[in-house]
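J.: This is the content of data.txt (compact mmCIF, C-alpha atoms and all ligand atoms):
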```txt
# COMPACT_ATOMS: atom_id res chain seq x y z
CA MET A 253 -86.39 80.69 -61.94
CA THR A 254 -85.27 77.17 -61.17
CA ALA A 255 -87.45 74.66 -59.37
CA CYS A 256 -84.51 73.52 -57.27
CA GLY A 257 -83.62 76.94 -55.82
CA GLN A 258 -82.84 76.75 -52.11
CA SER A 259 -83.22 79.50 -49.58
CA ASP A 260 -79.50 79.37 -48.87
CA SER A 261 -78.61 80.62 -52.36
CA PRO A 262 -79.60 84.29 -52.13
CA ALA A 263 -77.82 85.29 -55.35
CA SER A 264 -80.52 83.59 -57.43
CA ASP A 265 -83.41 85.44 -55.76
CA THR A 266 -82.97 88.87 -57.28
CA ALA A 267 -86.34 88.80 -59.12
CA ALA A 268 -88.34 87.69 -56.07
CA THR A 269 -89.54 91.13 -54.94
CA PRO A 270 -92.54 92.20 -57.05
CA ALA A 271 -92.05 95.88 -56.29
CA ALA A 272 -88.54 95.75 -57.72
CA ALA A 273 -89.46 93.94 -60.93
CA PRO A 274 -89.33 96.22 -63.98
CA PRO A 275 -92.32 96.15 -66.33
CA PRO A 276 -91.84 93.54 -69.06
CA GLU A 277 -90.43 94.80 -72.35
CA PRO A 278 -92.89 94.71 -75.24
CA ARG A 279 -92.07 91.55 -77.17
CA VAL A 280 -92.41 90.90 -80.89
CA LEU A 281 -93.26 87.37 -82.04
CA SER A 282 -91.03 85.60 -84.54
CA ASP A 283 -92.48 84.41 -87.87
CA GLU A 284 -92.10 80.84 -86.62
CA GLU A 285 -94.18 81.53 -83.51
CA ARG A 286 -96.85 83.17 -85.67
CA ALA A 287 -97.06 80.25 -88.10
CA VAL A 288 -97.35 77.69 -85.29
CA ILE A 289 -100.20 79.56 -83.64
CA LEU A 290 -102.12 80.16 -86.87
CA ALA A 291 -101.90 76.50 -87.93
CA SER A 292 -103.25 75.42 -84.54
CA LEU A 293 -106.37 77.58 -84.58
CA PRO A 294 -109.75 75.84 -84.55
CA GLY A 295 -112.62 76.17 -86.99
CA PRO A 296 -112.58 78.98 -89.50
CA TYR A 297 -109.72 80.82 -87.86
CA SER A 298 -106.92 78.68 -89.24
CA GLU A 299 -108.06 79.97 -92.64
CA ALA A 300 -108.02 83.60 -91.60
CA ASP A 301 -106.42 85.99 -94.04
CA THR A 302 -104.08 87.53 -91.51
CA GLU A 303 -103.03 90.28 -93.90
CA ASN A 304 -106.65 91.40 -94.04
CA GLY A 305 -106.84 90.98 -90.26
CA ARG A 306 -103.92 93.32 -89.87
CA ARG A 307 -105.67 95.87 -92.09
CA VAL A 308 -108.93 95.59 -90.13
CA PHE A 309 -107.00 96.15 -86.89
CA ALA A 310 -106.20 99.64 -88.19
CA ARG A 311 -109.67 100.48 -86.81
CA CYS A 312 -108.61 99.40 -83.31
CA ARG A 313 -105.03 100.65 -83.25
CA SER A 314 -105.73 104.13 -81.93
CA CYS A 315 -107.16 102.61 -78.73
CA HIS A 316 -105.43 99.22 -78.24
CA THR A 317 -101.89 97.84 -78.18
CA LEU A 318 -101.23 94.11 -78.61
CA PRO A 319 -97.68 93.14 -77.56
CA GLU A 320 -96.92 91.70 -74.15
CA GLY A 321 -96.25 94.58 -71.79
CA GLY A 322 -97.69 97.13 -74.21
CA PRO A 323 -99.36 100.18 -72.67
CA ASN A 324 -103.05 100.70 -72.08
CA LEU A 325 -104.36 103.51 -74.31
CA THR A 326 -107.99 104.58 -74.41
CA GLY A 327 -108.67 100.84 -74.26
CA PRO A 328 -106.73 98.10 -72.44
CA ASN A 329 -103.69 96.25 -73.82
CA LEU A 330 -104.97 93.06 -75.48
CA TRP A 331 -102.03 90.66 -74.97
CA GLY A 332 -103.39 87.30 -73.79
CA VAL A 333 -107.02 88.35 -74.22
CA PHE A 334 -108.19 84.91 -75.41
CA GLY A 335 -108.96 82.80 -72.38
CA ARG A 336 -108.86 85.83 -70.09
CA GLN A 337 -111.68 86.98 -67.85
CA ALA A 338 -113.36 90.04 -69.38
CA GLY A 339 -112.41 93.32 -67.76
CA SER A 340 -109.38 91.98 -65.91
CA VAL A 341 -106.34 93.94 -67.07
CA GLU A 342 -104.86 95.40 -63.93
CA ALA A 343 -104.23 99.12 -63.95
CA TYR A 344 -106.91 99.66 -66.57
CA ASN A 345 -109.97 101.63 -65.55
CA TYR A 346 -112.89 99.66 -67.03
CA SER A 347 -116.52 100.69 -67.07
CA PRO A 348 -118.55 98.95 -64.35
CA ALA A 349 -120.30 96.98 -67.12
CA LEU A 350 -117.10 95.34 -68.32
CA ARG A 351 -115.42 95.10 -64.93
CA GLU A 352 -118.40 93.22 -63.53
CA ALA A 353 -119.01 91.10 -66.63
CA ASP A 354 -118.77 87.41 -65.85
CA PHE A 355 -117.36 85.68 -68.90
CA THR A 356 -114.08 84.71 -70.53
CA TRP A 357 -113.02 86.02 -73.92
CA THR A 358 -113.27 83.32 -76.59
CA ALA A 359 -113.33 83.72 -80.36
CA GLU A 360 -117.13 83.44 -80.22
CA GLN A 361 -117.47 86.12 -77.54
CA LEU A 362 -115.10 88.41 -79.40
CA ASP A 363 -117.03 87.85 -82.63
CA ALA A 364 -120.26 88.94 -80.96
CA TRP A 365 -118.58 91.89 -79.21
CA LEU A 366 -116.96 93.17 -82.39
CA ASN A 367 -120.13 92.77 -84.43
CA ASP A 368 -122.05 95.04 -82.06
CA PRO A 369 -120.12 96.26 -79.00
CA ARG A 370 -123.00 98.23 -77.57
CA GLY A 371 -125.61 95.52 -78.03
CA PHE A 372 -123.29 92.79 -76.71
CA LEU A 373 -122.62 94.52 -73.41
CA PRO A 374 -124.81 97.54 -72.71
CA GLY A 375 -123.10 100.23 -70.69
CA ASN A 376 -119.56 99.50 -71.84
CA LYS A 377 -117.43 102.49 -72.77
CA MET A 378 -115.80 101.26 -75.97
CA ALA A 379 -116.79 104.01 -78.41
CA PHE A 380 -116.67 101.85 -81.51
CA ALA A 381 -119.44 101.09 -84.00
CA GLY A 382 -118.28 97.53 -84.67
CA VAL A 383 -116.96 95.42 -87.55
CA ARG A 384 -120.07 94.34 -89.44
CA ASP A 385 -118.46 92.19 -92.11
CA GLU A 386 -118.27 88.54 -91.05
CA THR A 387 -115.15 87.77 -93.06
CA ASP A 388 -113.39 90.83 -91.71
CA ARG A 389 -114.18 89.62 -88.17
CA ARG A 390 -112.86 86.14 -88.92
CA ASP A 391 -109.64 87.55 -90.34
CA LEU A 392 -109.25 90.02 -87.49
CA ILE A 393 -109.86 87.38 -84.81
CA GLY A 394 -107.42 84.95 -86.45
CA TRP A 395 -104.79 87.65 -86.68
CA LEU A 396 -105.49 88.78 -83.09
CA LYS A 397 -105.03 85.24 -81.79
CA VAL A 398 -101.58 85.20 -83.31
CA GLU A 399 -100.61 88.68 -82.21
CA THR A 400 -101.87 88.35 -78.63
CA GLY A 401 -99.95 85.14 -77.95
CA TYR A 402 -102.93 82.78 -77.91
CA ALA A 403 -101.70 79.53 -76.35
CA PRO A 404 -103.44 76.54 -77.93
CA GLU A 405 -103.87 73.32 -75.98
CA ALA A 406 -100.89 71.11 -76.58
C1 LIG B 501 -112.22 104.59 -79.61
C2 LIG B 501 -111.41 103.63 -78.91
C3 LIG B 501 -111.58 102.15 -79.21
C4 LIG B 501 -111.58 101.52 -80.43
C5 LIG B 501 -111.47 102.14 -81.81
C6 LIG B 501 -111.65 100.11 -80.14
N1 LIG B 501 -111.72 99.91 -78.78
FE1 LIG B 501 -111.78 98.11 -77.81
N2 LIG B 501 -112.02 99.05 -76.05
C7 LIG B 501 -112.01 100.42 -75.88
C8 LIG B 501 -112.34 100.72 -74.51
C9 LIG B 501 -112.46 102.13 -73.91
C10 LIG B 501 -112.52 99.49 -73.85
C11 LIG B 501 -112.94 99.26 -72.40
C12 LIG B 501 -114.46 99.28 -72.38
C13 LIG B 501 -115.07 99.31 -70.99
O1 LIG B 501 -114.35 99.36 -69.99
O2 LIG B 501 -116.31 99.30 -70.95
C14 LIG B 501 -112.31 98.46 -74.86
C15 LIG B 501 -112.39 97.08 -74.61
C16 LIG B 501 -112.07 96.11 -75.52
C17 LIG B 501 -112.00 94.70 -75.24
C18 LIG B 501 -112.23 94.04 -73.88
C19 LIG B 501 -110.88 93.87 -73.20
C20 LIG B 501 -110.92 93.27 -71.83
O3 LIG B 501 -109.87 93.32 -71.17
O4 LIG B 501 -111.95 92.75 -71.37
C21 LIG B 501 -111.65 94.08 -76.40
C22 LIG B 501 -111.43 92.60 -76.60
C23 LIG B 501 -111.54 95.10 -77.41
N3 LIG B 501 -111.81 96.31 -76.86
C24 LIG B 501 -111.20 94.88 -78.73
C25 LIG B 501 -111.22 95.85 -79.73
C26 LIG B 501 -110.97 95.57 -81.14
C27 LIG B 501 -110.56 94.23 -81.69
C28 LIG B 501 -111.16 96.75 -81.80
C29 LIG B 501 -111.11 97.01 -83.29
C30 LIG B 501 -111.99 96.22 -84.12
C31 LIG B 501 -111.46 97.77 -80.81
N4 LIG B 501 -111.50 97.18 -79.58
C32 LIG B 501 -111.65 99.10 -81.09
C33 LIG B 501 -111.74 101.36 -76.84
C34 LIG B 501 -111.69 101.14 -78.19
```
Starting from the file, lay out its structure as structure tokens.
Ligand code: HEC
T.:
Amino acid sequence: MTACGQSDSPASDTAATPAAAPPPEPRVLSDEERAVILASLPGPYSEADTENGRRVFARCRSCHTLPEGGPNLTGPNLWGVFGRQAGSVEAYNYSPALREADFTWTAEQLDAWLNDPRGFLPGNKMAFAGVRDETDRRDLIGWLKVETGYAPEA
């Protein structure tokens, strides 16, 4: 899309009709994009062992995809989850508890959620006991920030 598009140039407007737009292709980040995001993370997360994070995510993989445009499984696709309103992936059928929750996902919120999903938000339908090890959560959250396209402030 160009900012200077005029209404008298119809050939450039082919993507303007939402109903006609195809779903985005799942996208894989380059190593460069990953390194830039990781280095920019605040606090403990820039020191995350992302290899361990990837291993911990094996516990989530059966229910969640990460890439942009990835499908919802038992749980919603997690692309862009940091900075996103909880329970806001369109076309995903959340529990009332998560749909009506009034907060934005930050590293801190995710840390509390993953430590004890049931205690953090009673009534949610994520059937998962939690990741009790603090270092595993740090590594997982650091890795998730990279893999879900976290956009740090410039
Ligand atoms: C057995 C399936 C399952 C597993 C395993 C699982 N989840 Fe979930 N997850 C869900 C479901 C279902 C929901 C939606 C809960 C609701 O609507 O109450 C959810 C919701 C979430 C959300 C909130 C998303 C949003 O849009 O608000 C996050 C973040 C999340 N899960 C992260 C994880 C991570 C990270 C792991 C692994 C450590 C994990 N989940 C493991 C099923 C699962």
J.: Name all residues at most 12 Å from Tyr297 in chain A (count only C-alpha atoms; drop same-chain ones fewer than 3 positions away) and give them as a list in words.
T.: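 The neighbour list is Ile289, Leu290, Ala291, Ser292, Leu293, Pro294, Ala300, Asp301, Thr302, Gly305, Ala359, Glu360, Asp363, Glu386, Thr387, Asp388, Arg389, Arg390, Asp391, Leu392, Ile393, Gly394, Trp395, Leu396, Lys397 and Val398 of chain A.
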J.: Provide the CA of Ala338 in chain A to CA of Pro323 in chain A distance in Å, to one decimal place.
T.: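 Rounded to one decimal, the two atoms are 17.6 Å apart.
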J.: Produce a table with one row for each residue of chain A that has an atom at most 9 Å from any atom of ligand LIG 501 (chain B), each row naming the nearest atom pair and its distance in Å at one decimal; use only C-alpha atoms and all ligand atoms; arrange rows by chain and rising residue number; format as JSON lines.
T.:
```
{"residue": "A:Val308", "atom": "CA", "partner": "B:LIG501", "partner_atom": "C30", "distance": 6.8}
{"residue": "A:Phe309", "atom": "CA", "partner": "B:LIG501", "partner_atom": "C29", "distance": 5.5}
{"residue": "A:Ala310", "atom": "CA", "partner": "B:LIG501", "partner_atom": "C29", "distance": 7.4}
{"residue": "A:Arg311", "atom": "CA", "partner": "B:LIG501", "partner_atom": "C29", "distance": 5.1}
{"residue": "A:Cys312", "atom": "CA", "partner": "B:LIG501", "partner_atom": "C29", "distance": 3.5}
{"residue": "A:Arg313", "atom": "CA", "partner": "B:LIG501", "partner_atom": "C5", "distance": 6.8}
{"residue": "A:Ser314", "atom": "CA", "partner": "B:LIG501", "partner_atom": "C5", "distance": 6.1}
{"residue": "A:Cys315", "atom": "CA", "partner": "B:LIG501", "partner_atom": "C2", "distance": 4.4}
{"residue": "A:His316", "atom": "CA", "partner": "B:LIG501", "partner_atom": "N1", "distance": 6.4}
{"residue": "A:Leu325", "atom": "CA", "partner": "B:LIG501", "partner_atom": "C33", "distance": 8.1}
{"residue": "A:Thr326", "atom": "CA", "partner": "B:LIG501", "partner_atom": "C9", "distance": 5.1}
{"residue": "A:Gly327", "atom": "CA", "partner": "B:LIG501", "partner_atom": "C8", "distance": 3.7}
{"residue": "A:Pro328", "atom": "CA", "partner": "B:LIG501", "partner_atom": "O3", "distance": 5.9}
{"residue": "A:Asn329", "atom": "CA", "partner": "B:LIG501", "partner_atom": "O3", "distance": 7.3}
{"residue": "A:Leu330", "atom": "CA", "partner": "B:LIG501", "partner_atom": "C19", "distance": 6.4}
{"residue": "A:Val333", "atom": "CA", "partner": "B:LIG501", "partner_atom": "O3", "distance": 6.5}
{"residue": "A:Phe334", "atom": "CA", "partner": "B:LIG501", "partner_atom": "C22", "distance": 8.4}
{"residue": "A:Arg336", "atom": "CA", "partner": "B:LIG501", "partner_atom": "O3", "distance": 7.6}
{"residue": "A:Gln337", "atom": "CA", "partner": "B:LIG501", "partner_atom": "O4", "distance": 6.8}
{"residue": "A:Ala338", "atom": "CA", "partner": "B:LIG501", "partner_atom": "O4", "distance": 3.6}
{"residue": "A:Gly339", "atom": "CA", "partner": "B:LIG501", "partner_atom": "O4", "distance": 3.7}
{"residue": "A:Ser340", "atom": "CA", "partner": "B:LIG501", "partner_atom": "O3", "distance": 5.5}
{"residue": "A:Val341", "atom": "CA", "partner": "B:LIG501", "partner_atom": "O3", "distance": 5.4}
{"residue": "A:Tyr344", "atom": "CA", "partner": "B:LIG501", "partner_atom": "O1", "distance": 8.2}
{"residue": "A:Asn345", "atom": "CA", "partner": "B:LIG501", "partner_atom": "O1", "distance": 6.6}
{"residue": "A:Tyr346", "atom": "CA", "partner": "B:LIG501", "partner_atom": "O1", "distance": 3.3}
{"residue": "A:Ser347", "atom": "CA", "partner": "B:LIG501", "partner_atom": "O1", "distance": 3.9}
{"residue": "A:Pro348", "atom": "CA", "partner": "B:LIG501", "partner_atom": "O2", "distance": 7.0}
{"residue": "A:Ala349", "atom": "CA", "partner": "B:LIG501", "partner_atom": "O2", "distance": 6.0}
{"residue": "A:Leu350", "atom": "CA", "partner": "B:LIG501", "partner_atom": "O2", "distance": 4.8}
{"residue": "A:Arg351", "atom": "CA", "partner": "B:LIG501", "partner_atom": "O1", "distance": 6.7}
{"residue": "A:Ala353", "atom": "CA", "partner": "B:LIG501", "partner_atom": "O4", "distance": 8.7}
{"residue": "A:Thr356", "atom": "CA", "partner": "B:LIG501", "partner_atom": "O4", "distance": 8.4}
{"residue": "A:Trp357", "atom": "CA", "partner": "B:LIG501", "partner_atom": "O4", "distance": 7.3}
{"residue": "A:Gln361", "atom": "CA", "partner": "B:LIG501", "partner_atom": "C22", "distance": 8.9}
{"residue": "A:Leu362", "atom": "CA", "partner": "B:LIG501", "partner_atom": "C22", "distance": 6.2}
{"residue": "A:Trp365", "atom": "CA", "partner": "B:LIG501", "partner_atom": "C22", "distance": 7.6}
{"residue": "A:Leu366", "atom": "CA", "partner": "B:LIG501", "partner_atom": "C30", "distance": 6.1}
{"residue": "A:Asn367", "atom": "CA", "partner": "B:LIG501", "partner_atom": "C30", "distance": 8.8}
{"residue": "A:Pro369", "atom": "CA", "partner": "B:LIG501", "partner_atom": "N3", "distance": 8.6}
{"residue": "A:Leu373", "atom": "CA", "partner": "B:LIG501", "partner_atom": "O2", "distance": 8.3}
{"residue": "A:Pro374", "atom": "CA", "partner": "B:LIG501", "partner_atom": "O2", "distance": 8.9}
{"residue": "A:Gly375", "atom": "CA", "partner": "B:LIG501", "partner_atom": "O2", "distance": 6.9}
{"residue": "A:Asn376", "atom": "CA", "partner": "B:LIG501", "partner_atom": "O2", "distance": 3.4}
{"residue": "A:Lys377", "atom": "CA", "partner": "B:LIG501", "partner_atom": "O2", "distance": 3.8}
{"residue": "A:Met378", "atom": "CA", "partner": "B:LIG501", "partner_atom": "C8", "distance": 3.8}
{"residue": "A:Ala379", "atom": "CA", "partner": "B:LIG501", "partner_atom": "C1", "distance": 4.8}
{"residue": "A:Phe380", "atom": "CA", "partner": "B:LIG501", "partner_atom": "C4", "distance": 5.2}
{"residue": "A:Ala381", "atom": "CA", "partner": "B:LIG501", "partner_atom": "C5", "distance": 8.3}
{"residue": "A:Gly382", "atom": "CA", "partner": "B:LIG501", "partner_atom": "C30", "distance": 6.4}
{"residue": "A:Val383", "atom": "CA", "partner": "B:LIG501", "partner_atom": "C30", "distance": 6.1}
{"residue": "A:Arg389", "atom": "CA", "partner": "B:LIG501", "partner_atom": "C30", "distance": 8.0}
{"residue": "A:Leu392", "atom": "CA", "partner": "B:LIG501", "partner_atom": "C27", "distance": 7.3}
{"residue": "A:Ile393", "atom": "CA", "partner": "B:LIG501", "partner_atom": "C27", "distance": 7.6}
{"residue": "A:Leu396", "atom": "CA", "partner": "B:LIG501", "partner_atom": "C27", "distance": 7.6}
```
J.: Could you tell me how far CA of Ala287 in chain A lies from CA of Ala403 in chain A, in Å and to one decimal?
T.: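 Straight-line distance from CA of Ala287 in chain A to CA of Ala403 in chain A works out to 12.7 Å.
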J.: What is the distance, in Å and to one decimal place, between CA of Glu399 in chain A and CA of Glu285 in chain A?
T.: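 Result for CA of Glu399 in chain A versus CA of Glu285 in chain A: 9.7 Å, one decimal.
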J.: Go through A:Gly295, A:Arg306, A:Trp331, A:Glu352 and flag the residue nearest Val280 in chain A, using only C-alpha atoms for the distances.
T.: A:Trp331
